[in-house]
Structures are given as C-alpha cells and as structure tokens.
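Peer 1: Below are the structure tokens for one structure; questions will follow.
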Amino acid sequence: MSELSMAFGQLVRKHRKEKNISQERLALLCNIDRSYMGRIERGEVNITLEKAYEIAKILEVNFCSLLP
C-alpha cells in the first residue's frame with residue numbers, strides 16, 4: 001500500500017460519508033464491486049484516473065479534493 005493510495009482512499013471515504021452514501025451504493029454507481037470499493041478506501045489498490053474522476057463526479061466533489 002502506498003501512502004498516496006491510502007490518503008486517496010481516506011478522502012474518498014470522508015466525502016462518501018459526508019454525502020451519506022453507503023459503500024455499496026457508491027460502488028454500484030461506479031459500476032464496480034463493493035469489495036473493490038472497500039479496497040480503494042483502504043488504499044490497497046491503484047485505480048485508473050478515469051475511475052478516480054468517476055468517483056469524484058458521483059460524490060459531486062472536485063477531483064482535486066480527493067488528492068492529498
């Protein structure tokens with residue numbers, strides 16, 4: 001796990017919780033498996049820029065706010 005992936009995941013989790021969206025719902029909206037979303041939030045995977053932008057769009061936040 002890289003520090004960048006972990007920090008990104010923590011920010012995704014923070015914004016998701018602020019929007020009161022479940023991990024399962026966010027995963028569904030992103031068209032990914034819930035367990036994969038959990039791995040993203042724990043910083044266990046490196047995701048593509050496209051997926052990161054999609055997550056930001058669904059969370060209705062600026063992409064840069066997901067970057068540490």
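Following the order of the structure tokens, chains are lettered A, B, ..., residues in each are numbered from 1, and ligands are numbered from 1.
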Using only C-alpha atoms, determine which residues lie at most 10 Å from region 64-68 of chain A, disregarding the query and same-chain residues fewer than 2 positions distant; provide the list as a list in words.
Peer 2: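 Within the cut-off, the hits are Glu3, Leu4, Ser5, Met6, Ala7, Phe8, Gly9, Gln10, Leu11, Val12, Arg13, Lys14, His15, Ala52, Tyr53, Ile55, Ala56, Val61 and Asn62 of chain A.
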Peer 1: Restrict the selected residues to N, CA and C atoms and save them as a PDB file, in the first residue's frame.
Peer 2:
ATOM      1  N   GLU A   3       1.430   5.367   0.342  1.00  0.00           N
ATOM      2  CA  GLU A   3       0.834   6.454   1.123  1.00  0.00           C
ATOM      3  C   GLU A   3      -0.190   7.215   0.292  1.00  0.00           C
ATOM      4  N   LEU A   4       0.093   7.391  -0.988  1.00  0.00           N
ATOM      5  CA  LEU A   4      -0.825   8.113  -1.864  1.00  0.00           C
ATOM      6  C   LEU A   4      -2.155   7.369  -1.991  1.00  0.00           C
ATOM      7  N   SER A   5      -2.094   6.060  -2.210  1.00  0.00           N
ATOM      8  CA  SER A   5      -3.320   5.267  -2.328  1.00  0.00           C
ATOM      9  C   SER A   5      -4.117   5.292  -1.033  1.00  0.00           C
ATOM     10  N   MET A   6      -3.417   5.216   0.087  1.00  0.00           N
ATOM     11  CA  MET A   6      -4.099   5.240   1.376  1.00  0.00           C
ATOM     12  C   MET A   6      -4.759   6.594   1.623  1.00  0.00           C
ATOM     13  N   ALA A   7      -4.059   7.676   1.318  1.00  0.00           N
ATOM     14  CA  ALA A   7      -4.607   9.012   1.520  1.00  0.00           C
ATOM     15  C   ALA A   7      -5.802   9.245   0.589  1.00  0.00           C
ATOM     16  N   PHE A   8      -5.690   8.801  -0.664  1.00  0.00           N
ATOM     17  CA  PHE A   8      -6.797   8.931  -1.606  1.00  0.00           C
ATOM     18  C   PHE A   8      -8.020   8.190  -1.075  1.00  0.00           C
ATOM     19  N   GLY A   9      -7.817   6.961  -0.637  1.00  0.00           N
ATOM     20  CA  GLY A   9      -8.922   6.157  -0.118  1.00  0.00           C
ATOM     21  C   GLY A   9      -9.588   6.789   1.088  1.00  0.00           C
ATOM     22  N   GLN A  10      -8.786   7.358   1.987  1.00  0.00           N
ATOM     23  CA  GLN A  10      -9.351   8.017   3.162  1.00  0.00           C
ATOM     24  C   GLN A  10     -10.206   9.215   2.759  1.00  0.00           C
ATOM     25  N   LEU A  11      -9.762   9.943   1.733  1.00  0.00           N
ATOM     26  CA  LEU A  11     -10.540  11.097   1.276  1.00  0.00           C
ATOM     27  C   LEU A  11     -11.825  10.657   0.579  1.00  0.00           C
ATOM     28  N   VAL A  12     -11.771   9.555  -0.167  1.00  0.00           N
ATOM     29  CA  VAL A  12     -12.991   9.020  -0.777  1.00  0.00           C
ATOM     30  C   VAL A  12     -13.980   8.662   0.326  1.00  0.00           C
ATOM     31  N   ARG A  13     -13.518   7.961   1.346  1.00  0.00           N
ATOM     32  CA  ARG A  13     -14.379   7.550   2.465  1.00  0.00           C
ATOM     33  C   ARG A  13     -14.972   8.778   3.172  1.00  0.00           C
ATOM     34  N   LYS A  14     -14.135   9.794   3.412  1.00  0.00           N
ATOM     35  CA  LYS A  14     -14.588  11.017   4.083  1.00  0.00           C
ATOM     36  C   LYS A  14     -15.725  11.677   3.301  1.00  0.00           C
ATOM     37  N   HIS A  15     -15.520  11.860   1.997  1.00  0.00           N
ATOM     38  CA  HIS A  15     -16.542  12.514   1.176  1.00  0.00           C
ATOM     39  C   HIS A  15     -17.790  11.642   1.037  1.00  0.00           C
ATOM     40  N   ALA A  52     -11.050   7.333 -10.855  1.00  0.00           N
ATOM     41  CA  ALA A  52     -10.955   8.364  -9.822  1.00  0.00           C
ATOM     42  C   ALA A  52     -11.845   9.558 -10.174  1.00  0.00           C
ATOM     43  N   TYR A  53     -11.838   9.959 -11.440  1.00  0.00           N
ATOM     44  CA  TYR A  53     -12.702  11.057 -11.882  1.00  0.00           C
ATOM     45  C   TYR A  53     -14.175  10.663 -11.755  1.00  0.00           C
ATOM     46  N   ILE A  55     -15.476   8.579  -9.576  1.00  0.00           N
ATOM     47  CA  ILE A  55     -15.812   8.624  -8.158  1.00  0.00           C
ATOM     48  C   ILE A  55     -16.059  10.074  -7.730  1.00  0.00           C
ATOM     49  N   ALA A  56     -15.184  10.976  -8.143  1.00  0.00           N
ATOM     50  CA  ALA A  56     -15.344  12.389  -7.798  1.00  0.00           C
ATOM     51  C   ALA A  56     -16.659  12.941  -8.345  1.00  0.00           C
ATOM     52  N   VAL A  61     -17.789  16.123  -5.999  1.00  0.00           N
ATOM     53  CA  VAL A  61     -16.665  16.899  -5.471  1.00  0.00           C
ATOM     54  C   VAL A  61     -15.663  17.122  -6.601  1.00  0.00           C
ATOM     55  N   ASN A  62     -14.856  18.145  -6.439  1.00  0.00           N
ATOM     56  CA  ASN A  62     -13.785  18.411  -7.390  1.00  0.00           C
ATOM     57  C   ASN A  62     -12.768  17.284  -7.286  1.00  0.00           C
TER      58      ASN A  62
END
Peer 1: Excluding Cys30 (chain A) and any residue of its chain fewer than 6 positions from it, enumerate the residues within 10 Å of it, using only C-alpha atoms, and give them as a list in words.
Peer 2: Glu24, Met37, Lys51, Ala52, Glu54, Ile55, Lys57 and Ile58 of chain A
Peer 1: For those residues, write C-alpha atoms to a file as an mmCIF file, in the first residue's frame.
Peer 2:
data_model
loop_
_atom_site.group_PDB
_atom_site.id
_atom_site.type_symbol
_atom_site.label_atom_id
_atom_site.label_comp_id
_atom_site.auth_asym_id
_atom_site.auth_seq_id
_atom_site.Cartn_x
_atom_site.Cartn_y
_atom_site.Cartn_z
ATOM 1 C CA GLU A 24 -22.293 -0.428 -1.585
ATOM 2 C CA MET A 37 -14.587 -0.078 -3.364
ATOM 3 C CA LYS A 51 -12.199 5.672 -12.216
ATOM 4 C CA ALA A 52 -10.955 8.364 -9.822
ATOM 5 C CA GLU A 54 -15.862 8.963 -11.944
ATOM 6 C CA ILE A 55 -15.812 8.624 -8.158
ATOM 7 C CA LYS A 57 -18.220 13.067 -10.196
ATOM 8 C CA ILE A 58 -20.571 10.727 -8.333
#
Peer 1: Find, counting only C-alpha atoms, the residue in A:Glu41, A:Tyr36, A:Phe63, A:Ser2 that gets nearest to Lys17 (chain A).
Peer 2: A:Glu41
